[in-house]
file protein.pdb (PDB, C-alpha atoms, pLDDT in the B column)
ATOM      1  CA  MET A   1     -86.342  10.280  -8.714  1.00 45.00           C
ATOM      2  CA  ARG A   2     -83.039   9.487 -10.333  1.00 40.00           C
ATOM      3  CA  THR A   3     -79.628  11.049 -10.687  1.00 40.00           C
ATOM      4  CA  ALA A   4     -79.518  13.192 -13.793  1.00 39.00           C
ATOM      5  CA  THR A   5     -75.814  12.669 -14.317  1.00 37.00           C
ATOM      6  CA  GLN A   6     -73.629   9.679 -13.557  1.00 38.00           C
ATOM      7  CA  ASP A   7     -72.076   9.875 -10.128  1.00 40.00           C
ATOM      8  CA  ILE A   8     -68.295   9.988  -9.802  1.00 35.00           C
ATOM      9  CA  TYR A   9     -68.376   6.739  -7.833  1.00 38.00           C
ATOM     10  CA  GLY A  10     -69.913   4.741 -10.658  1.00 42.00           C
ATOM     11  CA  ASN A  11     -73.291   3.662 -11.980  1.00 51.00           C
ATOM     12  CA  PRO A  12     -76.005   4.973  -9.611  1.00 49.00           C
ATOM     13  CA  THR A  13     -78.061   1.797  -9.971  1.00 52.00           C
ATOM     14  CA  GLU A  14     -75.145  -0.617  -9.383  1.00 79.00           C
ATOM     15  CA  MET A  15     -76.195  -2.436  -6.258  1.00 89.00           C
ATOM     16  CA  THR A  16     -74.178  -2.375  -3.061  1.00 95.00           C
ATOM     17  CA  PHE A  17     -74.309  -4.907  -0.244  1.00 96.00           C
ATOM     18  CA  GLY A  18     -76.143  -2.736   2.263  1.00 96.00           C
ATOM     19  CA  VAL A  19     -78.844  -1.724  -0.215  1.00 97.00           C
ATOM     20  CA  GLN A  20     -79.322  -5.329  -1.341  1.00 96.00           C
ATOM     21  CA  LEU A  21     -79.660  -6.436   2.280  1.00 97.00           C
ATOM     22  CA  LEU A  22     -82.274  -3.789   3.076  1.00 97.00           C
ATOM     23  CA  LEU A  23     -84.223  -4.471  -0.108  1.00 97.00           C
ATOM     24  CA  GLY A  24     -84.280  -8.167   0.745  1.00 97.00           C
ATOM     25  CA  ILE A  25     -85.495  -7.637   4.315  1.00 96.00           C
ATOM     26  CA  ASN A  26     -88.246  -5.228   3.244  1.00 97.00           C
ATOM     27  CA  LEU A  27     -89.457  -7.534   0.465  1.00 97.00           C
ATOM     28  CA  SER A  28     -89.367 -10.559   2.758  1.00 96.00           C
ATOM     29  CA  ALA A  29     -91.382  -8.788   5.464  1.00 96.00           C
ATOM     30  CA  PHE A  30     -93.951  -7.706   2.888  1.00 96.00           C
ATOM     31  CA  ALA A  31     -94.268 -11.248   1.533  1.00 96.00           C
ATOM     32  CA  ILE A  32     -94.649 -12.733   5.023  1.00 95.00           C
ATOM     33  CA  GLU A  33     -97.484 -10.372   5.909  1.00 94.00           C
ATOM     34  CA  HIS A  34     -99.322  -9.860   2.622  1.00 92.00           C
ATOM     35  CA  ILE A  35     -98.722 -13.140   0.783  1.00 93.00           C
ATOM     36  CA  PHE A  36     -98.409 -15.676   3.592  1.00 93.00           C
ATOM     37  CA  ARG A  37    -100.876 -13.712   5.759  1.00 92.00           C
ATOM     38  CA  PHE A  38     -98.803 -13.693   8.936  1.00 94.00           C
ATOM     39  CA  PRO A  39     -99.825 -10.561  10.924  1.00 92.00           C
ATOM     40  CA  LEU A  40     -96.425  -8.956  11.511  1.00 92.00           C
ATOM     41  CA  SER A  41     -98.073  -5.575  12.086  1.00 91.00           C
ATOM     42  CA  ASN A  42     -99.672  -6.811  15.286  1.00 91.00           C
ATOM     43  CA  PHE A  43     -96.369  -6.687  17.140  1.00 89.00           C
ATOM     44  CA  CYS A  44     -93.955  -4.984  14.699  1.00 93.00           C
ATOM     45  CA  ALA A  45     -95.843  -1.743  13.936  1.00 94.00           C
ATOM     46  CA  LEU A  46     -94.808   1.303  15.973  1.00 94.00           C
ATOM     47  CA  GLN A  47     -97.533   2.234  18.453  1.00 91.00           C
ATOM     48  CA  SER A  48     -97.694   5.915  19.310  1.00 88.00           C
ATOM     49  CA  ASN A  49     -97.574   5.005  23.006  1.00 87.00           C
ATOM     50  CA  TRP A  50     -94.863   2.338  22.659  1.00 90.00           C
ATOM     51  CA  PHE A  51     -93.070   3.772  25.700  1.00 87.00           C
ATOM     52  CA  ASP A  52     -95.977   2.838  27.980  1.00 86.00           C
ATOM     53  CA  THR A  53     -95.273  -0.846  27.398  1.00 84.00           C
ATOM     54  CA  PHE A  54     -91.566  -0.265  26.705  1.00 88.00           C
ATOM     55  CA  SER A  55     -91.933  -1.884  23.271  1.00 89.00           C
ATOM     56  CA  ILE A  56     -88.621  -0.423  22.188  1.00 93.00           C
ATOM     57  CA  TRP A  57     -88.095  -2.997  19.426  1.00 94.00           C
ATOM     58  CA  GLN A  58     -90.943  -1.386  17.490  1.00 94.00           C
ATOM     59  CA  LEU A  59     -88.663   1.576  16.690  1.00 94.00           C
ATOM     60  CA  ILE A  60     -86.752  -0.813  14.408  1.00 95.00           C
ATOM     61  CA  THR A  61     -89.328  -3.386  13.312  1.00 95.00           C
ATOM     62  CA  TYR A  62     -91.829  -0.800  12.049  1.00 95.00           C
ATOM     63  CA  GLN A  63     -89.288   0.225   9.421  1.00 96.00           C
ATOM     64  CA  PHE A  64     -89.856  -3.030   7.526  1.00 96.00           C
ATOM     65  CA  ILE A  65     -93.669  -3.121   7.600  1.00 95.00           C
ATOM     66  CA  HIS A  66     -95.688  -1.629   4.728  1.00 94.00           C
ATOM     67  CA  GLN A  67     -99.421  -1.230   4.330  1.00 90.00           C
ATOM     68  CA  GLY A  68     -99.624  -1.977   0.617  1.00 91.00           C
ATOM     69  CA  ILE A  69     -97.709  -2.452  -2.613  1.00 95.00           C
ATOM     70  CA  PHE A  70     -97.618   1.253  -3.503  1.00 94.00           C
ATOM     71  CA  HIS A  71     -96.308   2.107  -0.036  1.00 93.00           C
ATOM     72  CA  LEU A  72     -93.594  -0.527  -0.449  1.00 95.00           C
ATOM     73  CA  ILE A  73     -92.568   0.483  -3.987  1.00 95.00           C
ATOM     74  CA  SER A  74     -92.375   4.201  -3.207  1.00 92.00           C
ATOM     75  CA  ASN A  75     -89.963   3.581  -0.344  1.00 95.00           C
ATOM     76  CA  LEU A  76     -87.854   0.929  -2.040  1.00 95.00           C
ATOM     77  CA  LEU A  77     -87.533   3.093  -5.139  1.00 93.00           C
ATOM     78  CA  GLY A  78     -85.786   5.802  -3.117  1.00 93.00           C
ATOM     79  CA  LEU A  79     -83.578   3.177  -1.478  1.00 95.00           C
ATOM     80  CA  TYR A  80     -82.724   1.644  -4.860  1.00 95.00           C
ATOM     81  CA  LEU A  81     -81.926   4.911  -6.661  1.00 92.00           C
ATOM     82  CA  LEU A  82     -80.034   6.918  -4.021  1.00 94.00           C
ATOM     83  CA  GLY A  83     -78.944   4.202  -1.597  1.00 96.00           C
ATOM     84  CA  PRO A  84     -75.928   2.864  -3.542  1.00 96.00           C
ATOM     85  CA  ASP A  85     -74.206   6.247  -3.945  1.00 95.00           C
ATOM     86  CA  THR A  86     -74.922   7.112  -0.325  1.00 96.00           C
ATOM     87  CA  GLU A  87     -73.490   3.784   0.809  1.00 96.00           C
ATOM     88  CA  ARG A  88     -70.363   4.323  -1.277  1.00 94.00           C
ATOM     89  CA  GLY A  89     -69.913   7.750   0.285  1.00 93.00           C
ATOM     90  CA  LEU A  90     -70.302   6.536   3.869  1.00 94.00           C
ATOM     91  CA  GLY A  91     -69.177   2.922   3.730  1.00 93.00           C
ATOM     92  CA  THR A  92     -71.485  -0.046   4.306  1.00 95.00           C
ATOM     93  CA  ASN A  93     -71.386  -0.148   8.109  1.00 95.00           C
ATOM     94  CA  ARG A  94     -71.917   3.578   8.509  1.00 95.00           C
ATOM     95  CA  PHE A  95     -74.623   3.553   5.865  1.00 97.00           C
ATOM     96  CA  LEU A  96     -76.561   0.843   7.695  1.00 97.00           C
ATOM     97  CA  LEU A  97     -76.141   2.680  10.996  1.00 96.00           C
ATOM     98  CA  MET A  98     -77.399   5.893   9.382  1.00 97.00           C
ATOM     99  CA  TYR A  99     -80.381   4.039   7.899  1.00 97.00           C
ATOM    100  CA  PHE A 100     -81.505   2.604  11.218  1.00 97.00           C
ATOM    101  CA  LEU A 101     -80.791   5.774  13.196  1.00 96.00           C
ATOM    102  CA  SER A 102     -82.878   7.798  10.748  1.00 97.00           C
ATOM    103  CA  GLY A 103     -85.731   5.338  11.128  1.00 96.00           C
ATOM    104  CA  ILE A 104     -85.447   5.324  14.925  1.00 96.00           C
ATOM    105  CA  LEU A 105     -85.341   9.114  15.237  1.00 95.00           C
ATOM    106  CA  GLY A 106     -88.115   9.404  12.671  1.00 94.00           C
ATOM    107  CA  GLY A 107     -90.239   7.068  14.774  1.00 93.00           C
ATOM    108  CA  LEU A 108     -89.433   9.021  17.921  1.00 93.00           C
ATOM    109  CA  GLY A 109     -90.378  12.308  16.270  1.00 89.00           C
ATOM    110  CA  TRP A 110     -93.663  10.849  15.070  1.00 91.00           C
ATOM    111  CA  SER A 111     -94.580   9.220  18.391  1.00 89.00           C
ATOM    112  CA  LEU A 112     -93.914  12.399  20.377  1.00 86.00           C
ATOM    113  CA  LEU A 113     -96.415  14.322  18.230  1.00 84.00           C
ATOM    114  CA  SER A 114     -99.083  11.640  17.905  1.00 81.00           C
ATOM    115  CA  PRO A 115    -101.994  10.766  20.204  1.00 78.00           C
ATOM    116  CA  SER A 116    -102.380   7.321  21.742  1.00 77.00           C
ATOM    117  CA  GLY A 117    -104.065   4.558  19.808  1.00 80.00           C
ATOM    118  CA  ILE A 118    -102.527   4.978  16.354  1.00 88.00           C
ATOM    119  CA  PHE A 119     -99.565   3.259  14.716  1.00 90.00           C
ATOM    120  CA  CYS A 120     -96.875   3.961  12.142  1.00 93.00           C
ATOM    121  CA  VAL A 121     -95.280   1.620   9.600  1.00 94.00           C
ATOM    122  CA  GLY A 122     -92.903   1.939   6.688  1.00 94.00           C
ATOM    123  CA  ALA A 123     -89.317   2.771   5.755  1.00 95.00           C
ATOM    124  CA  SER A 124     -90.093   6.403   4.896  1.00 94.00           C
ATOM    125  CA  GLY A 125     -88.080   7.824   7.807  1.00 94.00           C
ATOM    126  CA  CYS A 126     -85.092   5.731   6.701  1.00 97.00           C
ATOM    127  CA  VAL A 127     -85.463   6.770   3.051  1.00 96.00           C
ATOM    128  CA  PHE A 128     -85.673  10.416   4.044  1.00 96.00           C
ATOM    129  CA  GLY A 129     -82.499   9.787   6.022  1.00 97.00           C
ATOM    130  CA  ILE A 130     -80.883   8.593   2.792  1.00 97.00           C
ATOM    131  CA  LEU A 131     -82.132  11.732   1.033  1.00 96.00           C
ATOM    132  CA  GLY A 132     -80.642  13.929   3.747  1.00 96.00           C
ATOM    133  CA  ALA A 133     -77.348  12.042   3.708  1.00 96.00           C
ATOM    134  CA  TYR A 134     -77.194  12.198  -0.087  1.00 96.00           C
ATOM    135  CA  ALA A 135     -77.670  15.973  -0.013  1.00 95.00           C
ATOM    136  CA  ALA A 136     -74.867  16.296   2.548  1.00 94.00           C
ATOM    137  CA  LEU A 137     -72.477  14.102   0.555  1.00 94.00           C
ATOM    138  CA  TYR A 138     -73.316  15.313  -2.960  1.00 94.00           C
ATOM    139  CA  PRO A 139     -74.986  18.727  -2.538  1.00 93.00           C
ATOM    140  CA  HIS A 140     -74.443  19.782  -6.157  1.00 93.00           C
ATOM    141  CA  GLN A 141     -75.395  16.491  -7.785  1.00 93.00           C
ATOM    142  CA  LYS A 142     -78.469  17.055  -9.935  1.00 88.00           C
ATOM    143  CA  LEU A 143     -81.682  15.084  -9.489  1.00 84.00           C
ATOM    144  CA  VAL A 144     -84.792  14.860 -11.621  1.00 76.00           C
ATOM    145  CA  LEU A 145     -88.173  13.532 -10.534  1.00 67.00           C
ATOM    146  CA  LEU A 146     -89.476  10.499 -12.425  1.00 60.00           C
ATOM    147  CA  LEU A 147     -93.118  11.520 -12.139  1.00 52.00           C
ATOM    148  CA  PHE A 148     -92.480  15.172 -12.954  1.00 55.00           C
ATOM    149  CA  PRO A 149     -89.623  15.274 -15.495  1.00 57.00           C
ATOM    150  CA  LEU A 150     -88.768  18.937 -15.049  1.00 65.00           C
ATOM    151  CA  LYS A 151     -85.400  20.644 -15.159  1.00 75.00           C
ATOM    152  CA  PRO A 152     -82.820  18.825 -12.996  1.00 84.00           C
ATOM    153  CA  ILE A 153     -82.396  20.352  -9.543  1.00 87.00           C
ATOM    154  CA  LYS A 154     -79.405  20.245  -7.224  1.00 90.00           C
ATOM    155  CA  ALA A 155     -79.688  17.704  -4.440  1.00 92.00           C
ATOM    156  CA  TRP A 156     -79.393  20.200  -1.591  1.00 93.00           C
ATOM    157  CA  ILE A 157     -82.133  22.415  -3.057  1.00 92.00           C
ATOM    158  CA  PHE A 158     -84.447  19.459  -3.641  1.00 91.00           C
ATOM    159  CA  VAL A 159     -83.972  18.098  -0.123  1.00 93.00           C
ATOM    160  CA  LEU A 160     -84.375  21.571   1.401  1.00 93.00           C
ATOM    161  CA  LEU A 161     -87.690  22.123  -0.417  1.00 91.00           C
ATOM    162  CA  LEU A 162     -88.872  18.640   0.512  1.00 91.00           C
ATOM    163  CA  GLY A 163     -87.870  19.178   4.140  1.00 92.00           C
ATOM    164  CA  LEU A 164     -89.736  22.488   4.305  1.00 93.00           C
ATOM    165  CA  TYR A 165     -92.820  20.804   2.881  1.00 91.00           C
ATOM    166  CA  GLU A 166     -92.669  18.003   5.453  1.00 91.00           C
ATOM    167  CA  LEU A 167     -92.160  20.528   8.260  1.00 90.00           C
ATOM    168  CA  HIS A 168     -95.155  22.537   7.042  1.00 88.00           C
ATOM    169  CA  GLN A 169     -97.311  19.427   6.908  1.00 88.00           C
ATOM    170  CA  THR A 170     -96.165  18.379  10.363  1.00 85.00           C
ATOM    171  CA  VAL A 171     -96.972  21.754  11.898  1.00 84.00           C
ATOM    172  CA  SER A 172    -100.223  22.431  10.045  1.00 82.00           C
ATOM    173  CA  LEU A 173    -101.782  18.961  10.110  1.00 69.00           C
ATOM    174  CA  GLY A 174    -100.199  17.490  13.236  1.00 60.00           C
ATOM    175  CA  SER A 175    -101.725  14.156  14.114  1.00 54.00           C
ATOM    176  CA  GLY A 176    -104.601  14.695  11.690  1.00 53.00           C
ATOM    177  CA  SER A 177    -102.624  13.442   8.714  1.00 61.00           C
ATOM    178  CA  SER A 178    -102.580   9.813   7.604  1.00 67.00           C
ATOM    179  CA  ILE A 179     -98.980  10.355   6.460  1.00 80.00           C
ATOM    180  CA  ALA A 180     -96.208  10.342   9.066  1.00 84.00           C
ATOM    181  CA  ASN A 181     -94.713  13.689   8.023  1.00 87.00           C
ATOM    182  CA  ALA A 182     -92.982  14.057  11.395  1.00 90.00           C
ATOM    183  CA  ALA A 183     -91.134  10.777  10.766  1.00 91.00           C
ATOM    184  CA  HIS A 184     -90.093  11.992   7.305  1.00 93.00           C
ATOM    185  CA  PHE A 185     -88.789  15.299   8.628  1.00 93.00           C
ATOM    186  CA  SER A 186     -86.999  13.804  11.650  1.00 93.00           C
ATOM    187  CA  GLY A 187     -85.429  11.040   9.570  1.00 95.00           C
ATOM    188  CA  GLY A 188     -84.202  13.501   6.939  1.00 95.00           C
ATOM    189  CA  ILE A 189     -82.598  15.765   9.531  1.00 95.00           C
ATOM    190  CA  ALA A 190     -80.925  12.760  11.188  1.00 95.00           C
ATOM    191  CA  GLY A 191     -79.490  11.495   7.897  1.00 96.00           C
ATOM    192  CA  TYR A 192     -78.214  14.924   6.883  1.00 95.00           C
ATOM    193  CA  ILE A 193     -76.458  15.621  10.181  1.00 94.00           C
ATOM    194  CA  TYR A 194     -75.022  12.104  10.335  1.00 94.00           C
ATOM    195  CA  ALA A 195     -73.522  12.316   6.847  1.00 93.00           C
ATOM    196  CA  LEU A 196     -72.279  15.852   7.426  1.00 89.00           C
ATOM    197  CA  VAL A 197     -70.390  14.783  10.545  1.00 87.00           C
ATOM    198  CA  ILE A 198     -69.216  11.357   9.344  1.00 83.00           C
ATOM    199  CA  GLY A 199     -68.922  11.748   5.578  1.00 75.00           C
ATOM    200  CA  ARG A 200     -67.823  15.391   5.253  1.00 70.00           C
ATOM    201  CA  PRO A 201     -64.961  15.989   7.704  1.00 69.00           C
ATOM    202  CA  ASP A 202     -63.852  18.917   5.512  1.00 69.00           C
ATOM    203  CA  ILE A 203     -67.043  20.785   6.416  1.00 67.00           C
ATOM    204  CA  ILE A 204     -66.544  20.107  10.117  1.00 63.00           C
ATOM    205  CA  ARG A 205     -62.958  21.365   9.952  1.00 70.00           C
ATOM    206  CA  GLN A 206     -64.124  24.565   8.283  1.00 72.00           C
ATOM    207  CA  LEU A 207     -66.776  25.104  10.952  1.00 67.00           C
ATOM    208  CA  LYS A 208     -64.212  24.592  13.708  1.00 69.00           C
ATOM    209  CA  ILE A 209     -61.944  27.156  12.092  1.00 71.00           C
ATOM    210  CA  GLN A 210     -64.805  29.649  11.774  1.00 69.00           C
ATOM    211  CA  PHE A 211     -65.911  29.316  15.393  1.00 69.00           C
ATOM    212  CA  ARG A 212     -62.474  28.951  16.916  1.00 68.00           C
ATOM    213  CA  ARG A 213     -61.753  31.790  19.304  1.00 56.00           C
ATOM    214  CA  LYS A 214     -59.353  34.265  17.760  1.00 53.00           C
ATOM    215  CA  PRO A 215     -56.188  34.766  19.816  1.00 49.00           C
ATOM    216  CA  LYS A 216     -56.161  38.051  21.653  1.00 53.00           C
ATOM    217  CA  SER A 217     -53.667  40.540  20.386  1.00 55.00           C
ATOM    218  CA  THR A 218     -50.429  40.801  22.339  1.00 65.00           C
ATOM    219  CA  ILE A 219     -49.724  43.899  24.399  1.00 72.00           C
ATOM    220  CA  SER A 220     -46.530  45.743  23.545  1.00 79.00           C
ATOM    221  CA  ARG A 221     -43.913  46.357  26.205  1.00 81.00           C
ATOM    222  CA  THR A 222     -44.250  50.093  25.638  1.00 84.00           C
ATOM    223  CA  GLU A 223     -47.968  49.974  26.411  1.00 82.00           C
ATOM    224  CA  ILE A 224     -47.377  47.923  29.555  1.00 83.00           C
ATOM    225  CA  ASP A 225     -44.750  50.415  30.758  1.00 82.00           C
ATOM    226  CA  ARG A 226     -47.179  53.282  30.146  1.00 86.00           C
ATOM    227  CA  ILE A 227     -49.936  51.615  32.171  1.00 83.00           C
ATOM    228  CA  LEU A 228     -47.544  50.780  35.040  1.00 84.00           C
ATOM    229  CA  ASP A 229     -46.199  54.322  35.068  1.00 82.00           C
ATOM    230  CA  LYS A 230     -49.775  55.672  35.234  1.00 81.00           C
ATOM    231  CA  ALA A 231     -50.605  53.380  38.125  1.00 79.00           C
ATOM    232  CA  THR A 232     -47.440  54.473  39.970  1.00 81.00           C
ATOM    233  CA  ARG A 233     -48.010  58.188  39.456  1.00 80.00           C
ATOM    234  CA  HIS A 234     -51.768  58.434  39.944  1.00 75.00           C
ATOM    235  CA  GLY A 235     -52.785  55.229  41.687  1.00 75.00           C
ATOM    236  CA  ILE A 236     -54.133  51.944  40.396  1.00 79.00           C
ATOM    237  CA  HIS A 237     -57.688  53.177  40.854  1.00 73.00           C
ATOM    238  CA  THR A 238     -57.180  55.542  37.900  1.00 80.00           C
ATOM    239  CA  LEU A 239     -56.685  52.662  35.428  1.00 80.00           C
ATOM    240  CA  THR A 240     -59.493  52.024  32.982  1.00 85.00           C
ATOM    241  CA  GLN A 241     -61.096  48.600  32.595  1.00 83.00           C
ATOM    242  CA  SER A 242     -59.219  47.961  29.341  1.00 83.00           C
ATOM    243  CA  GLU A 243     -55.933  48.888  30.968  1.00 81.00           C
ATOM    244  CA  ARG A 244     -56.618  46.521  33.870  1.00 81.00           C
ATOM    245  CA  GLU A 245     -57.401  43.717  31.400  1.00 82.00           C
ATOM    246  CA  ALA A 246     -54.196  44.492  29.478  1.00 80.00           C
ATOM    247  CA  LEU A 247     -52.145  44.098  32.648  1.00 77.00           C
ATOM    248  CA  LYS A 248     -53.935  40.850  33.466  1.00 79.00           C
ATOM    249  CA  ARG A 249     -53.236  39.410  30.003  1.00 77.00           C
ATOM    250  CA  ALA A 250     -49.606  40.469  30.224  1.00 75.00           C
ATOM    251  CA  SER A 251     -49.295  38.782  33.606  1.00 76.00           C
ATOM    252  CA  GLN A 252     -50.879  35.556  32.309  1.00 68.00           C
ATOM    253  CA  SER A 253     -48.613  35.625  29.263  1.00 64.00           C
ATOM    254  CA  GLY A 254     -45.590  35.928  31.518  1.00 56.00           C
ATOM    255  CA  HIS A 255     -46.717  32.896  33.577  1.00 43.00           C
ATOM    256  CA  ASN A 256     -47.237  30.843  30.397  1.00 44.00           C
ATOM    257  CA  GLN A 257     -43.765  31.707  29.099  1.00 44.00           C
ATOM    258  CA  ARG A 258     -42.235  30.557  32.362  1.00 41.00           C
TER     259      ARG A 258
END
call {"tool": "encode", "arguments": {"input": "protein.pdb", "output": "structure tokens"}}
result
Amino acid sequence: MRTATQDIYGNPTEMTFGVQLLLGINLSAFAIEHIFRFPLSNFCALQSNWFDTFSIWQLITYQFIHQGIFHLISNLLGLYLLGPDTERGLGTNRFLLMYFLSGILGGLGWSLLSPSGIFCVGASGCVFGILGAYAALYPHQKLVLLLFPLKPIKAWIFVLLLGLYELHQTVSLGSGSSIANAAHFSGGIAGYIYALVIGRPDIIRQLKIQFRRKPKSTISRTEIDRILDKATRHGIHTLTQSEREALKRASQSGHNQR
């Protein structure tokens, strides 16, 4: 995929430090295993039962292992095309943290749904994290697929459709799929939430305003006098629940003013 229009932060394919670093690590790991024939997968791939041996490092190392050239290119293409704009929106340190968190949570989601004896490799969970973060940062930026050059589609719509597909595959196929759809879905959700909280403080402020408890209306002095007069004449037991609450609020308001 590619951005259909130039992003406001500059050329989408202008490399940033974080993206260059991740590209270099992924390419180096691929060369070590597939060119120099060193079996990184033996101890770097994420085992579905990694928690039995407490191989916690696998939640990070599996992100840099790829089964073949097509697997590598498909992941690095997403990193190359959408990574720079996402890094500019978050900042390098936060971008790298988002990348690894998406991969870790993607691996956790996959391992929780997978039987023992299988393994997961690849940066797909991280790349889906970038997709989710991109949609949170630039929801109305238009994207077009390279393989299917159709009408450009807004980022948030594209990521939503892709997320629904991955969720469907996760639920319907479960552990029977050779593709780690659960890692894709979990990584995408992690990246979206991370960028929404870190990169879009305006959205968070709006949500706080929407859910903030509305102040209760003040009770007029006339109404308070009426309720007190009723209690004096007919007894406090004759007061309704709302009248009792009104007296309580008036009493609390008087304490606060003092």
call {"tool": "closest_residue", "arguments": {"input": "protein.pdb", "among": "A:Ile104, A:Leu239, A:Ile189, A:Leu96", "to": "Leu21 of chain A", "atoms": "only C-alpha atoms"}}
result
A:Leu96
call {"tool": "resolve_selection", "arguments": {"input": "protein.pdb", "expression": "the PyMOL selection byres ((chain A and resi 82) around 12)", "output": "JSON, numbers by chain"}}
result
{"A": [1, 2, 3, 4, 6, 7, 11, 12, 13, 14, 15, 16, 19, 75, 76, 77, 78, 79, 80, 81, 83, 84, 85, 86, 87, 88, 89, 95, 126, 127, 128, 129, 130, 131, 132, 133, 134, 135, 137, 138, 141, 142, 143, 144, 155]}
call {"tool": "atom_distance", "arguments": {"input": "protein.pdb", "atom1": "atom CA of Phe17 of chain A", "atom2": "atom CA of Ile32 of chain A"}}
result
22.4 Å
call {"tool": "atom_distance", "arguments": {"input": "protein.pdb", "atom1": "atom CA of Asn26 of chain A", "atom2": "atom CA of Ser116 of chain A"}}
result
26.4 Å
call {"tool": "atom_distance", "arguments": {"input": "protein.pdb", "atom1": "atom CA of Arg249 of chain A", "atom2": "atom CA of Ile236 of chain A"}}
result
16.3 Å
call {"tool": "closest_residue", "arguments": {"input": "protein.pdb", "among": "A:Phe38, A:Tyr192, A:Tyr62, A:Phe158", "to": "Val121 of chain A", "atoms": "all atoms listed in the file"}}
result
A:Tyr62
call {"tool": "closest_residue", "arguments": {"input": "protein.pdb", "among": "A:Ile60, A:Gln169, A:His140, A:Ile25", "to": "Trp156 of chain A", "atoms": "all atoms listed in the file"}}
result
A:His140
call {"tool": "closest_residue", "arguments": {"input": "protein.pdb", "among": "A:Ser41, A:Ser48, A:Ser111, A:Thr61", "to": "Ala183 of chain A", "atoms": "all atoms listed in the file"}}
result
A:Ser111
call {"tool": "closest_residue", "arguments": {"input": "protein.pdb", "among": "A:Ser102, A:Gly117, A:Trp50, A:Leu27", "to": "Gly68 of chain A", "atoms": "all atoms listed in the file"}}
result
A:Leu27
call {"tool": "closest_residue", "arguments": {"input": "protein.pdb", "among": "A:Thr232, A:Gly122, A:Arg205, A:Arg200", "to": "Ile69 of chain A", "atoms": "all atoms listed in the file"}}
result
A:Gly122
call {"tool": "build_atoms", "arguments": {"input": "protein.pdb", "residues": "segment 230-244 of chain A", "atoms": "N, CA and C atoms", "output": "compact mmCIF listing (two decimals), keeping the file's coordinate frame"}}
result
# COMPACT_ATOMS: atom_id res chain seq x y z
N LYS A 230 -48.54 54.97 34.84
CA LYS A 230 -49.78 55.67 35.23
C LYS A 230 -50.24 55.21 36.61
N ALA A 231 -50.18 53.90 36.83
CA ALA A 231 -50.60 53.38 38.12
C ALA A 231 -49.70 53.87 39.24
N THR A 232 -48.38 54.01 38.96
CA THR A 232 -47.44 54.47 39.97
C THR A 232 -47.65 55.95 40.30
N ARG A 233 -47.89 56.75 39.29
CA ARG A 233 -48.01 58.19 39.46
C ARG A 233 -49.35 58.58 40.07
N HIS A 234 -50.44 57.95 39.58
CA HIS A 234 -51.77 58.43 39.94
C HIS A 234 -52.59 57.43 40.75
N GLY A 235 -52.05 56.24 40.92
CA GLY A 235 -52.78 55.23 41.69
C GLY A 235 -53.48 54.23 40.76
N ILE A 236 -53.56 53.00 41.24
CA ILE A 236 -54.13 51.94 40.40
C ILE A 236 -55.62 52.15 40.15
N HIS A 237 -56.26 52.93 41.02
CA HIS A 237 -57.69 53.18 40.85
C HIS A 237 -57.99 54.03 39.63
N THR A 238 -56.96 54.68 39.06
CA THR A 238 -57.18 55.54 37.90
C THR A 238 -57.15 54.76 36.59
N LEU A 239 -56.77 53.46 36.65
CA LEU A 239 -56.68 52.66 35.43
C LEU A 239 -58.08 52.35 34.91
N THR A 240 -58.22 52.39 33.60
CA THR A 240 -59.49 52.02 32.98
C THR A 240 -59.63 50.50 32.97
N GLN A 241 -60.85 50.04 32.64
CA GLN A 241 -61.10 48.60 32.60
C GLN A 241 -60.21 47.92 31.56
N SER A 242 -60.04 48.55 30.39
CA SER A 242 -59.22 47.96 29.34
C SER A 242 -57.76 47.90 29.75
N GLU A 243 -57.32 48.90 30.50
CA GLU A 243 -55.93 48.89 30.97
C GLU A 243 -55.72 47.80 32.01
N ARG A 244 -56.71 47.59 32.88
CA ARG A 244 -56.62 46.52 33.87
C ARG A 244 -56.56 45.15 33.17
